[in-house]
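Pasting protein_37.cif here (mmCIF, C-alpha atoms):
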```
data_start
loop_
_atom_site.label_atom_id
_atom_site.label_comp_id
_atom_site.auth_asym_id
_atom_site.auth_seq_id
_atom_site.Cartn_x
_atom_site.Cartn_y
_atom_site.Cartn_z
CA MET A 30 -17.90 -22.14 -6.49
CA LEU A 31 -16.09 -20.23 -9.24
CA GLY A 32 -18.61 -21.24 -11.88
CA GLY A 33 -22.31 -20.38 -11.99
CA GLU A 34 -22.52 -19.19 -8.39
CA PHE A 35 -19.68 -16.72 -8.97
CA TYR A 36 -21.39 -15.17 -11.97
CA SER A 37 -24.69 -15.13 -10.08
CA ILE A 38 -23.20 -13.05 -7.31
CA ILE A 39 -21.69 -10.62 -9.82
CA SER A 40 -25.04 -10.32 -11.64
CA VAL A 41 -27.08 -9.48 -8.52
CA ILE A 42 -24.74 -7.47 -6.30
CA PHE A 43 -25.48 -4.14 -7.96
CA ALA A 44 -29.21 -4.67 -7.57
CA ASN A 45 -28.57 -5.08 -3.83
CA SER A 46 -26.94 -1.65 -3.73
CA GLN A 47 -29.94 0.26 -5.11
CA GLY A 48 -31.31 2.98 -2.87
CA ALA A 49 -27.98 3.72 -1.18
CA THR A 50 -26.99 7.34 -0.71
CA PRO A 51 -24.56 8.12 -3.55
CA MET A 52 -21.03 9.05 -2.47
CA TYR A 53 -19.02 9.07 -5.65
CA TYR A 54 -15.24 8.94 -5.56
CA ASP A 55 -12.90 9.30 -8.50
CA LEU A 56 -12.31 5.76 -9.74
CA SER A 57 -9.59 6.77 -12.19
CA ASN A 58 -7.62 8.63 -9.51
CA ALA A 59 -7.98 5.76 -7.06
CA HIS A 60 -6.75 3.17 -9.55
CA ALA A 61 -3.88 5.39 -10.71
CA PHE A 62 -2.81 5.81 -7.08
CA ALA A 63 -2.84 2.04 -6.54
CA ALA A 64 -0.81 1.58 -9.72
CA ASN A 65 1.83 4.02 -8.45
CA VAL A 66 1.97 2.29 -5.06
CA CYS A 67 2.55 -1.06 -6.77
CA SER A 68 5.06 0.10 -9.37
CA ALA A 69 7.11 2.02 -6.79
CA MET A 70 7.70 -1.28 -4.97
CA GLU A 71 8.26 -3.19 -8.25
CA LEU A 72 5.02 -5.13 -7.75
CA TYR A 73 1.90 -5.69 -9.81
CA THR A 74 -1.66 -6.56 -8.85
CA TYR A 75 -5.09 -6.63 -10.38
CA THR A 76 -6.95 -3.79 -8.67
CA ALA A 77 -10.68 -3.09 -8.99
CA VAL A 78 -12.48 -0.07 -7.54
CA CYS A 79 -16.18 0.69 -7.24
CA ASN A 80 -18.68 3.26 -5.96
CA ILE A 81 -21.91 2.03 -4.39
CA GLY A 82 -24.94 4.10 -5.33
CA PRO A 83 -28.18 4.23 -7.32
CA ASN A 84 -28.32 3.06 -10.91
CA SER A 85 -25.70 5.13 -12.74
CA ILE A 86 -22.51 4.52 -14.65
CA GLU A 87 -20.39 5.35 -11.59
CA SER A 88 -21.96 2.56 -9.58
CA LEU A 89 -20.23 0.07 -11.85
CA PRO A 90 -16.70 -1.17 -11.11
CA TYR A 91 -13.48 -0.33 -12.86
CA GLY A 92 -10.58 -2.75 -12.80
CA ASN A 93 -7.23 -3.17 -14.49
CA TRP A 94 -3.70 -4.29 -13.86
CA ALA A 95 -1.71 -1.97 -11.61
CA GLY A 96 2.06 -1.63 -11.35
CA ASN A 97 4.92 -3.28 -13.20
CA VAL A 98 2.80 -5.70 -15.21
CA PRO A 99 4.53 -8.38 -17.31
CA GLU A 100 3.32 -9.05 -20.81
CA ASN A 101 0.25 -11.32 -20.87
CA PRO A 102 0.16 -12.32 -17.19
CA LYS A 103 -1.44 -15.76 -16.82
CA THR A 104 -3.31 -15.62 -13.53
CA SER A 105 -6.79 -15.79 -12.07
CA SER A 106 -6.22 -12.50 -10.24
CA PRO A 107 -8.82 -10.47 -12.20
CA MET A 108 -11.58 -12.96 -11.41
CA LEU A 109 -10.54 -13.16 -7.75
CA ALA A 110 -10.44 -9.36 -7.42
CA TYR A 111 -13.98 -9.02 -8.76
CA HIS A 112 -15.19 -11.78 -6.47
CA LYS A 113 -13.70 -9.96 -3.48
CA MET A 114 -15.45 -6.83 -4.73
CA GLY A 115 -18.70 -8.77 -4.88
CA GLU A 116 -18.31 -9.70 -1.23
CA MET A 117 -17.84 -6.03 -0.34
CA VAL A 118 -20.93 -4.99 -2.30
CA LEU A 119 -22.93 -7.55 -0.33
CA MET A 120 -21.69 -5.60 2.74
CA HIS A 121 -22.87 -2.33 1.09
CA GLY A 122 -19.29 -1.08 0.83
CA GLY A 123 -19.23 0.06 4.44
CA GLU A 124 -21.58 2.90 3.53
CA ASP A 125 -22.49 3.33 7.23
CA GLY A 126 -18.93 4.45 7.96
CA VAL A 127 -17.73 1.13 9.37
CA LEU A 128 -14.83 -0.53 7.56
CA VAL A 129 -15.72 -3.85 5.93
CA MET A 130 -13.17 -6.37 4.68
CA SER A 131 -13.09 -9.72 2.96
CA PRO A 132 -13.51 -12.53 3.70
CA ILE A 133 -17.10 -12.20 4.87
CA ASP A 134 -19.37 -14.66 6.64
CA ASN A 135 -21.35 -15.69 3.57
CA LYS A 136 -21.66 -18.86 1.51
CA TYR A 137 -20.34 -17.00 -1.54
CA SER A 138 -17.11 -15.93 0.15
CA LEU A 139 -13.84 -17.33 -1.16
CA GLY A 140 -12.21 -16.84 2.24
CA LEU A 141 -9.56 -14.49 0.80
CA MET A 142 -8.25 -11.15 2.02
CA GLY A 143 -7.94 -8.18 -0.32
CA GLY A 144 -11.40 -6.60 -0.50
CA VAL A 145 -12.17 -3.51 1.62
CA GLY A 146 -14.98 -0.96 1.69
CA LEU A 147 -15.80 2.28 3.50
CA HIS A 148 -18.32 5.09 2.89
CA GLY A 149 -19.65 3.26 -0.15
CA PHE A 150 -16.28 2.95 -1.86
CA ILE A 151 -14.67 -0.42 -2.51
CA VAL A 152 -11.14 -1.52 -3.40
CA ALA A 153 -10.34 -5.14 -4.26
CA VAL A 154 -6.80 -6.32 -4.92
CA SER A 155 -5.47 -9.71 -6.00
CA LYS A 156 -2.06 -11.16 -6.88
CA LEU A 157 0.18 -11.01 -3.78
CA ALA A 158 -0.05 -12.81 -0.45
CA GLY A 159 -3.51 -12.11 0.95
CA GLU A 160 -2.15 -9.91 3.74
CA HIS A 161 -0.44 -7.70 1.18
CA ASP A 162 -3.39 -7.61 -1.23
CA LYS A 163 -5.28 -6.27 1.78
CA LEU A 164 -2.52 -3.78 2.59
CA ILE A 165 -2.53 -2.19 -0.88
CA ALA A 166 -6.34 -2.11 -0.81
CA LEU A 167 -6.35 -0.36 2.57
CA ILE A 168 -3.75 2.22 1.49
CA THR A 169 -5.77 3.00 -1.65
CA LEU A 170 -9.02 3.17 0.32
CA TYR A 171 -7.55 5.58 2.86
CA HIS A 172 -6.13 7.84 0.15
CA THR A 173 -9.52 7.98 -1.56
CA VAL A 174 -12.01 8.39 1.29
CA GLN A 175 -9.96 9.70 4.24
CA GLN A 176 -6.83 11.82 3.68
CA ARG A 177 -4.65 12.20 0.63
CA LEU A 178 -1.36 10.33 0.72
CA LYS A 179 1.80 11.28 -1.14
CA LEU A 180 4.52 8.68 -1.43
CA HIS A 181 7.83 10.05 -0.18
CA HIS A 182 9.89 6.91 -0.73
CA VAL A 183 10.01 3.16 -0.85
CA GLY A 184 12.56 1.68 1.51
CA TYR A 185 14.59 -1.52 1.25
CA ARG A 186 16.13 -2.71 4.51
CA TYR A 187 19.13 -4.98 3.96
CA PRO A 188 20.26 -7.58 6.50
CA ASP A 189 24.03 -6.98 6.15
CA LEU A 190 26.51 -4.34 5.07
CA ASP A 191 27.61 -6.18 1.93
CA SER A 192 24.09 -6.42 0.49
CA TYR A 193 23.49 -2.76 1.38
CA LYS A 194 26.65 -1.67 -0.43
CA LEU A 195 25.85 -3.88 -3.42
CA ALA A 196 22.37 -2.36 -3.74
CA ASN A 197 23.85 1.14 -3.59
CA SER A 198 26.38 0.31 -6.30
CA GLN A 199 23.69 -0.72 -8.78
CA THR A 200 22.18 2.77 -9.14
CA PHE A 201 23.91 6.06 -9.92
CA GLY A 202 23.45 9.18 -7.82
CA GLY A 203 23.08 7.86 -4.29
CA MET A 204 22.67 10.47 -1.54
CA GLU A 205 23.99 9.28 1.84
CA ARG A 206 21.84 10.53 4.71
CA PRO A 207 22.74 8.44 7.78
CA ALA A 208 20.33 8.47 10.71
CA GLU A 209 21.31 8.06 14.34
CA ASP A 210 20.91 4.28 14.31
CA HIS A 211 21.22 3.22 10.69
CA LEU A 212 22.81 3.92 7.34
CA ARG A 213 20.54 5.14 4.59
CA THR A 214 21.13 6.11 0.98
CA TYR A 215 18.47 7.78 -1.16
CA PHE A 216 18.05 7.76 -4.93
CA LYS A 217 15.83 9.96 -7.06
CA THR A 218 13.52 7.97 -9.29
CA SER A 219 11.95 8.79 -12.62
CA SER A 220 8.67 9.24 -10.77
CA TRP A 221 7.79 11.61 -7.93
CA HIS A 222 9.29 9.66 -5.03
CA TYR A 223 12.65 8.42 -3.75
CA ARG A 224 14.13 4.98 -3.17
CA GLU A 225 15.86 4.41 0.16
CA ASN A 226 18.35 1.66 0.98
CA GLN A 227 18.89 0.95 4.69
CA TYR A 228 21.28 -0.99 6.90
CA PHE A 229 21.14 -1.16 10.70
CA PRO A 230 24.65 -1.91 12.10
CA GLY A 231 24.77 -4.30 15.02
CA GLU A 232 21.20 -5.53 14.53
CA LYS A 233 20.13 -8.83 13.01
CA LEU A 234 17.21 -7.66 10.89
CA GLU A 235 15.71 -9.50 7.95
CA LEU A 236 15.20 -8.11 4.47
CA ALA A 237 12.09 -5.93 4.44
CA ARG A 238 10.45 -3.26 2.32
CA HIS A 239 8.25 -0.30 3.22
CA TRP A 240 6.29 2.60 1.82
CA ASP A 241 6.71 5.99 3.53
CA PHE A 242 3.84 8.43 2.92
CA VAL A 243 3.31 12.12 3.64
CA THR A 244 -0.15 12.88 5.01
CA ASP A 245 -1.88 15.45 7.22
CA ASP A 246 -2.35 13.10 10.17
CA PRO A 247 0.21 10.29 9.98
CA GLY A 248 -0.83 8.81 13.31
CA HIS A 249 -4.42 8.43 12.14
CA PHE A 250 -3.29 6.74 8.94
CA LEU A 251 -1.03 4.27 10.74
CA ARG A 252 -3.76 3.39 13.25
CA PHE A 253 -6.22 2.84 10.40
CA ILE A 254 -3.85 0.36 8.77
CA ALA A 255 -2.75 -1.38 11.97
CA ARG A 256 -6.22 -1.85 13.45
CA ALA A 257 -7.43 -3.50 10.25
CA TYR A 258 -5.02 -6.30 11.25
CA GLY A 259 -5.81 -6.19 14.98
CA GLN A 260 -2.57 -4.35 15.74
CA GLU A 261 -1.35 -0.98 16.94
CA PRO A 262 1.43 0.89 15.09
CA ALA A 263 4.94 1.12 16.50
CA THR A 264 5.60 4.83 17.08
CA TRP A 265 8.53 6.91 18.29
CA GLU A 266 9.59 10.50 18.84
CA PRO A 267 10.67 11.38 15.31
CA GLY A 268 13.89 13.16 14.58
CA GLU A 269 14.24 15.70 11.84
CA ASN A 270 13.08 14.22 8.53
CA ASP A 271 11.88 10.97 10.14
CA PRO A 272 8.52 9.19 9.92
CA VAL A 273 6.46 9.01 13.13
CA GLY A 274 5.96 5.24 13.14
CA VAL A 275 5.51 2.01 11.24
CA VAL A 276 3.15 -0.91 10.75
CA TRP A 277 4.78 -4.17 9.65
CA ILE A 278 2.70 -6.81 7.89
CA ARG A 279 4.06 -10.28 7.16
CA GLY A 280 2.50 -12.19 4.28
CA GLU A 281 1.77 -15.88 4.21
CA ASP A 282 4.73 -16.15 1.84
CA GLY A 283 7.05 -14.86 4.59
CA GLN A 284 7.75 -11.48 3.00
CA LEU A 285 7.64 -8.43 5.26
CA TYR A 286 6.14 -5.16 4.01
CA GLY A 287 5.75 -2.03 6.12
CA VAL A 288 3.94 1.29 6.00
CA MET A 289 5.45 4.45 7.51
CA ALA A 290 4.09 8.00 7.55
CA ARG A 291 5.18 11.58 8.17
CA SER A 292 3.51 14.99 8.06
CA ASN A 293 6.06 16.97 6.03
CA TRP A 294 7.85 16.47 2.74
CA TRP A 295 11.64 16.14 2.97
CA THR A 296 13.61 17.21 -0.11
CA VAL A 297 16.54 14.85 0.29
CA GLU A 298 18.82 16.40 -2.32
CA GLY A 299 18.51 19.76 -0.59
CA ASP A 300 19.75 18.47 2.77
CA GLU A 301 23.36 17.36 2.78
CA LYS A 302 23.76 17.38 6.57
CA GLN A 303 25.07 14.02 7.69
CA LEU A 304 25.28 12.56 11.16
CA PRO A 305 28.46 10.76 12.23
CA LEU A 306 27.72 7.07 11.86
CA HIS A 307 30.54 4.65 11.28
CA VAL A 308 30.51 0.92 10.60
#
```
In C-alpha coordinates, write the structure found in this file.
Amino acid sequence: MLGGEFYSIISVIFANSQGATPMYYDLSNAHAFAANVCSAMELYTYTAVCNIGPNSIESLPYGNWAGNVPENPKTSSPMLAYHKMGEMVLMHGGEDGVLVMSPIDNKYSLGLMGGVGLHGFIVAVSKLAGEHDKLIALITLYHTVQQRLKLHHVGYRYPDLDSYKLANSQTFGGMERPAEDHLRTYFKTSSWHYRENQYFPGEKLELARHWDFVTDDPGHFLRFIARAYGQEPATWEPGENDPVGVVWIRGEDGQLYGVMARSNWWTVEGDEKQLPLHV
(Lines of atoms letter the chains of each structure in order from A and count residues from 1; the text may use other names and numbers.)
(Lines give C-alpha, C1' and ligand atoms only; values in the text may rest on other atoms or scores of the structure.)
Protein backbone atom coordinates (compact mmCIF):
# COMPACT_ATOMS: atom_id res chain seq x y z
CA MET A 1 0.00 0.00 0.00
CA LEU A 2 2.86 2.38 0.79
CA GLY A 3 4.81 1.41 -2.31
CA GLY A 4 3.76 1.88 -5.94
CA GLU A 5 0.11 2.63 -5.17
CA PHE A 6 1.12 5.44 -2.80
CA TYR A 7 3.28 7.13 -5.42
CA SER A 8 0.55 6.60 -8.01
CA ILE A 9 -1.94 8.51 -5.93
CA ILE A 10 0.53 11.35 -5.39
CA SER A 11 1.28 11.49 -9.13
CA VAL A 12 -2.37 11.76 -10.23
CA ILE A 13 -4.10 13.75 -7.49
CA PHE A 14 -3.19 17.15 -8.91
CA ALA A 15 -4.53 16.19 -12.32
CA ASN A 16 -7.85 15.43 -10.59
CA SER A 17 -7.96 18.99 -9.24
CA GLN A 18 -7.75 20.71 -12.64
CA GLY A 19 -10.64 23.00 -13.48
CA ALA A 20 -11.40 23.90 -9.87
CA THR A 21 -12.07 27.52 -9.03
CA PRO A 22 -8.80 28.87 -7.60
CA MET A 23 -8.96 30.04 -3.98
CA TYR A 24 -5.38 30.62 -3.00
CA TYR A 25 -4.39 30.89 0.65
CA ASP A 26 -0.99 31.82 2.00
CA LEU A 27 0.84 28.52 2.45
CA SER A 28 3.79 30.08 4.26
CA ASN A 29 1.54 31.82 6.79
CA ALA A 30 -0.49 28.68 7.36
CA HIS A 31 2.57 26.53 7.98
CA ALA A 32 4.18 29.15 10.24
CA PHE A 33 0.97 29.28 12.28
CA ALA A 34 0.96 25.49 12.67
CA ALA A 35 4.61 25.60 13.72
CA ASN A 36 3.82 28.15 16.44
CA VAL A 37 0.87 26.07 17.68
CA CYS A 38 3.12 23.02 17.96
CA SER A 39 6.13 24.72 19.52
CA ALA A 40 3.99 26.54 22.10
CA MET A 41 2.88 23.15 23.41
CA GLU A 42 6.41 21.69 23.13
CA LEU A 43 5.30 19.37 20.32
CA TYR A 44 6.46 18.71 16.78
CA THR A 45 4.67 17.37 13.72
CA TYR A 46 5.17 17.11 10.01
CA THR A 47 2.63 19.53 8.54
CA ALA A 48 1.79 19.86 4.84
CA VAL A 49 -0.50 22.49 3.33
CA CYS A 50 -1.92 22.82 -0.17
CA ASN A 51 -4.19 24.95 -2.35
CA ILE A 52 -6.42 23.23 -4.89
CA GLY A 53 -6.67 25.05 -8.20
CA PRO A 54 -5.70 25.06 -11.88
CA ASN A 55 -2.17 24.28 -12.98
CA SER A 56 0.02 26.81 -11.16
CA ILE A 57 2.81 26.76 -8.62
CA GLU A 58 0.39 27.46 -5.77
CA SER A 59 -1.58 24.32 -6.48
CA LEU A 60 1.41 22.30 -5.33
CA PRO A 61 1.86 21.36 -1.66
CA TYR A 62 4.31 22.73 0.84
CA GLY A 63 5.40 20.63 3.80
CA ASN A 64 8.00 20.75 6.53
CA TRP A 65 8.54 19.96 10.16
CA ALA A 66 6.65 22.21 12.56
CA GLY A 67 7.40 22.91 16.20
CA ASN A 68 10.20 21.79 18.51
CA VAL A 69 11.84 19.40 16.07
CA PRO A 70 14.69 17.17 17.29
CA GLU A 71 17.77 16.76 15.15
CA ASN A 72 17.27 14.21 12.37
CA PRO A 73 13.89 12.80 13.43
CA LYS A 74 13.56 9.19 12.25
CA THR A 75 9.90 8.76 11.41
CA SER A 76 7.55 8.07 8.52
CA SER A 77 5.52 11.17 9.38
CA PRO A 78 6.37 13.12 6.18
CA MET A 79 5.19 10.28 3.95
CA LEU A 80 2.03 9.79 6.02
CA ALA A 81 1.23 13.52 5.95
CA TYR A 82 1.46 13.63 2.17
CA HIS A 83 -0.67 10.52 1.87
CA LYS A 84 -3.35 12.14 4.04
CA MET A 85 -3.08 15.19 1.79
CA GLY A 86 -3.58 12.95 -1.22
CA GLU A 87 -6.81 11.66 0.27
CA MET A 88 -8.02 15.24 0.73
CA VAL A 89 -7.17 16.15 -2.87
CA LEU A 90 -9.26 13.20 -4.02
CA MET A 91 -12.09 14.91 -2.08
CA HIS A 92 -11.30 18.20 -3.91
CA GLY A 93 -10.23 19.84 -0.66
CA GLY A 94 -13.79 20.58 0.38
CA GLU A 95 -13.98 23.24 -2.33
CA ASP A 96 -17.80 23.15 -2.15
CA GLY A 97 -17.66 24.56 1.39
CA VAL A 98 -18.21 21.25 3.17
CA LEU A 99 -15.44 20.12 5.52
CA VAL A 100 -13.69 16.92 4.43
CA MET A 101 -11.45 14.83 6.67
CA SER A 102 -9.32 11.73 6.48
CA PRO A 103 -9.76 8.82 6.49
CA ILE A 104 -11.92 8.65 3.38
CA ASP A 105 -13.90 5.77 1.90
CA ASN A 106 -11.41 4.89 -0.81
CA LYS A 107 -9.10 1.96 -1.49
CA TYR A 108 -6.09 4.27 -1.25
CA SER A 109 -6.93 5.48 2.26
CA LEU A 110 -4.58 4.58 5.09
CA GLY A 111 -7.42 4.87 7.60
CA LEU A 112 -5.63 7.63 9.54
CA MET A 113 -6.88 10.93 10.92
CA GLY A 114 -4.98 14.16 10.33
CA GLY A 115 -5.99 15.38 6.86
CA VAL A 116 -8.65 18.11 6.53
CA GLY A 117 -9.85 20.33 3.70
CA LEU A 118 -12.24 23.24 3.22
CA HIS A 119 -12.75 25.82 0.44
CA GLY A 120 -9.99 24.21 -1.59
CA PHE A 121 -7.38 24.45 1.15
CA ILE A 122 -5.84 21.36 2.74
CA VAL A 123 -3.86 20.74 5.92
CA ALA A 124 -2.32 17.34 6.68
CA VAL A 125 -0.54 16.62 9.95
CA SER A 126 1.32 13.53 11.14
CA LYS A 127 3.31 12.56 14.24
CA LEU A 128 0.97 12.61 17.27
CA ALA A 129 -2.01 10.43 18.14
CA GLY A 130 -4.41 10.60 15.20
CA GLU A 131 -6.97 12.61 17.16
CA HIS A 132 -4.37 15.26 17.89
CA ASP A 133 -2.92 15.30 14.37
CA LYS A 134 -6.49 16.09 13.34
CA LEU A 135 -6.83 18.76 16.05
CA ILE A 136 -3.75 20.71 14.91
CA ALA A 137 -4.89 20.38 11.29
CA LEU A 138 -8.35 21.73 12.15
CA ILE A 139 -6.94 24.67 14.13
CA THR A 140 -4.63 25.58 11.24
CA LEU A 141 -7.44 25.19 8.70
CA TYR A 142 -9.77 27.44 10.68
CA HIS A 143 -7.11 30.13 11.08
CA THR A 144 -6.45 30.09 7.34
CA VAL A 145 -9.92 29.92 5.77
CA GLN A 146 -12.33 31.11 8.49
CA GLN A 147 -11.20 33.59 11.17
CA ARG A 148 -7.75 34.54 12.33
CA LEU A 149 -6.65 33.03 15.63
CA LYS A 150 -4.13 34.51 18.04
CA LEU A 151 -2.74 32.26 20.73
CA HIS A 152 -3.19 33.82 24.16
CA HIS A 153 -1.65 31.00 26.18
CA VAL A 154 -1.00 27.32 26.51
CA GLY A 155 -2.32 25.87 29.74
CA TYR A 156 -1.06 22.95 31.82
CA ARG A 157 -3.57 21.57 34.32
CA TYR A 158 -1.89 19.71 37.18
CA PRO A 159 -3.63 16.98 39.18
CA ASP A 160 -2.32 18.00 42.63
CA LEU A 161 -0.96 21.00 44.50
CA ASP A 162 2.58 19.64 44.77
CA SER A 163 2.99 19.19 41.01
CA TYR A 164 1.48 22.64 40.44
CA LYS A 165 3.93 24.26 42.85
CA LEU A 166 6.85 22.32 41.37
CA ALA A 167 5.97 23.49 37.85
CA ASN A 168 5.77 27.09 39.06
CA SER A 169 9.17 26.84 40.75
CA GLN A 170 10.90 25.82 37.53
CA THR A 171 10.35 29.15 35.74
CA PHE A 172 11.12 32.66 36.93
CA GLY A 173 8.57 35.46 36.88
CA GLY A 174 5.30 33.73 37.65
CA MET A 175 2.21 35.96 37.89
CA GLU A 176 -0.47 34.55 40.21
CA ARG A 177 -3.96 35.24 38.91
CA PRO A 178 -6.35 32.92 40.81
CA ALA A 179 -9.82 32.38 39.36
CA GLU A 180 -12.93 31.66 41.39
CA ASP A 181 -12.50 27.90 41.26
CA HIS A 182 -8.82 27.28 40.57
CA LEU A 183 -5.29 28.51 41.06
CA ARG A 184 -3.48 29.79 38.00
CA THR A 185 -0.02 31.21 37.45
CA TYR A 186 1.04 32.81 34.18
CA PHE A 187 4.50 33.17 32.68
CA LYS A 188 5.61 35.35 29.79
CA THR A 189 7.35 33.38 27.07
CA SER A 190 9.96 34.39 24.54
CA SER A 191 7.22 34.29 21.93
CA TRP A 192 3.95 36.22 21.75
CA HIS A 193 1.88 34.13 24.16
CA TYR A 194 1.79 33.12 27.83
CA ARG A 195 2.12 29.82 29.64
CA GLU A 196 -0.48 29.06 32.30
CA ASN A 197 -0.19 26.51 35.11
CA GLN A 198 -3.47 25.46 36.75
CA TYR A 199 -4.63 23.55 39.81
CA PHE A 200 -8.26 22.94 40.80
CA PRO A 201 -8.50 22.42 44.60
CA GLY A 202 -10.92 19.75 45.74
CA GLU A 203 -11.28 18.20 42.28
CA LYS A 204 -9.68 15.00 41.04
CA LEU A 205 -8.65 16.09 37.55
CA GLU A 206 -6.02 14.44 35.40
CA LEU A 207 -3.05 16.14 33.80
CA ALA A 208 -4.19 17.96 30.67
CA ARG A 209 -3.00 20.67 28.30
CA HIS A 210 -4.88 23.26 26.26
CA TRP A 211 -4.49 26.08 23.78
CA ASP A 212 -6.47 29.28 24.45
CA PHE A 213 -7.03 31.46 21.37
CA VAL A 214 -8.36 34.97 20.82
CA THR A 215 -10.74 35.20 17.85
CA ASP A 216 -13.68 37.31 16.67
CA ASP A 217 -16.29 34.61 17.24
CA PRO A 218 -15.00 32.12 19.83
CA GLY A 219 -18.26 30.18 19.91
CA HIS A 220 -18.10 29.55 16.17
CA PHE A 221 -14.51 28.37 16.43
CA LEU A 222 -15.25 25.96 19.28
CA ARG A 223 -18.28 24.53 17.47
CA PHE A 224 -16.19 24.04 14.33
CA ILE A 225 -13.63 22.02 16.29
CA ALA A 226 -16.13 20.06 18.39
CA ARG A 227 -18.44 19.07 15.55
CA ALA A 228 -15.52 17.66 13.57
CA TYR A 229 -15.41 15.03 16.36
CA GLY A 230 -19.18 14.64 16.68
CA GLN A 231 -19.25 16.72 19.86
CA GLU A 232 -20.51 20.05 21.15
CA PRO A 233 -18.23 22.40 23.13
CA ALA A 234 -18.62 22.84 26.87
CA THR A 235 -19.49 26.51 27.42
CA TRP A 236 -20.11 28.74 30.43
CA GLU A 237 -20.83 32.33 31.34
CA PRO A 238 -17.29 33.71 31.29
CA GLY A 239 -15.94 35.89 34.02
CA GLU A 240 -13.58 38.75 33.38
CA ASN A 241 -10.56 37.53 31.41
CA ASP A 242 -11.97 34.01 30.96
CA PRO A 243 -12.47 31.92 27.82
CA VAL A 244 -16.07 31.17 26.80
CA GLY A 245 -15.71 27.39 26.58
CA VAL A 246 -13.59 24.36 25.82
CA VAL A 247 -13.38 21.28 23.64
CA TRP A 248 -11.43 18.36 25.09
CA ILE A 249 -9.98 15.72 22.78
CA ARG A 250 -8.43 12.52 24.10
CA GLY A 251 -5.87 10.78 21.91
CA GLU A 252 -5.51 7.07 21.45
CA ASP A 253 -2.38 7.38 23.60
CA GLY A 254 -4.52 8.59 26.52
CA GLN A 255 -3.28 12.19 26.49
CA LEU A 256 -5.87 14.93 26.84
CA TYR A 257 -5.56 18.15 24.82
CA GLY A 258 -8.10 20.97 24.84
CA VAL A 259 -8.95 24.07 22.85
CA MET A 260 -10.39 27.19 24.51
CA ALA A 261 -11.30 30.54 22.98
CA ARG A 262 -12.07 34.13 23.95
CA SER A 263 -12.90 37.33 22.09
CA ASN A 264 -10.52 39.78 23.79
CA TRP A 265 -6.83 39.84 24.58
CA TRP A 266 -5.95 39.89 28.29
CA THR A 267 -2.62 41.51 29.20
CA VAL A 268 -1.85 39.43 32.27
CA GLU A 269 1.07 41.50 33.58
CA GLY A 270 -1.13 44.60 33.55
CA ASP A 271 -3.79 43.07 35.80
CA GLU A 272 -2.65 42.36 39.32
CA LYS A 273 -6.13 42.00 40.81
CA GLN A 274 -6.37 38.69 42.62
CA LEU A 275 -9.41 36.89 43.93
CA PRO A 276 -9.29 35.33 47.41
CA LEU A 277 -8.64 31.65 46.84
CA HIS A 278 -6.97 29.61 49.54
CA VAL A 279 -5.82 26.00 49.57
Neighbour list for A:Gly259 as a list in words, cut-off 12 Å, all atoms listed in the file, skip fewer than 4 positions in-chain: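 My reading of the contact set: Arg252, Phe253, Ile254, Ala255, Val276 and Ile278 of chain A.
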Distance of atom CA of A:Met130 from atom CA of A:Arg279, expressed in Å to one decimal place: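 Going from atom CA of A:Arg279 over to atom CA of A:Met130 covers 17.8 Å.
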Gap from atom CA of A:Lys113 to atom CA of A:Ala95 - Å, one decimal: 16.5 Å
Atom pair atom CA of A:Gly143 / atom CA of A:Val66: separation (Å):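 Interatomic distance here is 15.2 Å.
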Output check: residues returned by the PyMOL selection byres ((chain A and resi 96-110) around 7), as a PyMOL selection string: chain A and resi 64-65+67-68+71-77+94-95+111-114+153-156
Residues selected by the PyMOL selection byres ((chain A and resi 285) around 9), written as a list in words: Glu235, Leu236, Ala237, Arg238, His239, Trp277, Ile278, Arg279, Gly280, Asp282, Gly283, Gln284, Tyr286 and Gly287 of chain A
Residues returned when the PyMOL selection byres ((chain A and resi 275) around 6) runs on this file, as a VMD selection string: chain A and resid 262 to 263 274 276 288 to 289
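The point (23.7, 6.5, -8.9) has these residues within 12 Å of it when all atoms listed in the file are used: Leu195, Ala196, Asn197, Ser198, Gln199, Thr200, Phe201, Gly202, Gly203, Met204, Glu205, Thr214, Tyr215, Phe216, Lys217, Thr218 and Arg224 of chain A.
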Protein, DNA and RNA residues within 12 Å of (20.9, 3.8, 7.4), all atoms listed in the file, as a PyMOL selection string: chain A and resi 184-190+193-194+197+204-215+225-232+271+303-308
Exercise: A:Gly144 partners within 12 Å, all atoms listed in the file, chain neighbours under 5 positions left out, as a ChimeraX atom specification: /A:75-79,109-120,122-123,128-133,138-139,150-155,159-170,257
Nearest residue to A:Val273 from the set A:Asn135, A:Asn93, A:Ser292, A:Gln176 (distances using all atoms listed in the file):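 Nearest candidate to A:Val273 out of A:Asn135, A:Asn93, A:Ser292, A:Gln176: A:Ser292.
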Among the residues A:Thr173, A:Asn80, A:Ser220, A:Ser192, the one that comes closest to A:Gly149 [using all atoms listed in the file]: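 Counting all atoms listed in the file, the residue closest to A:Gly149 is A:Asn80.
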Selected residue of minimal separation from A:His181 among A:Pro272, A:Gly82, A:Gly140, A:Pro267, counting all atoms listed in the file: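 Closest to A:His181, using all atoms listed in the file: A:Pro272.
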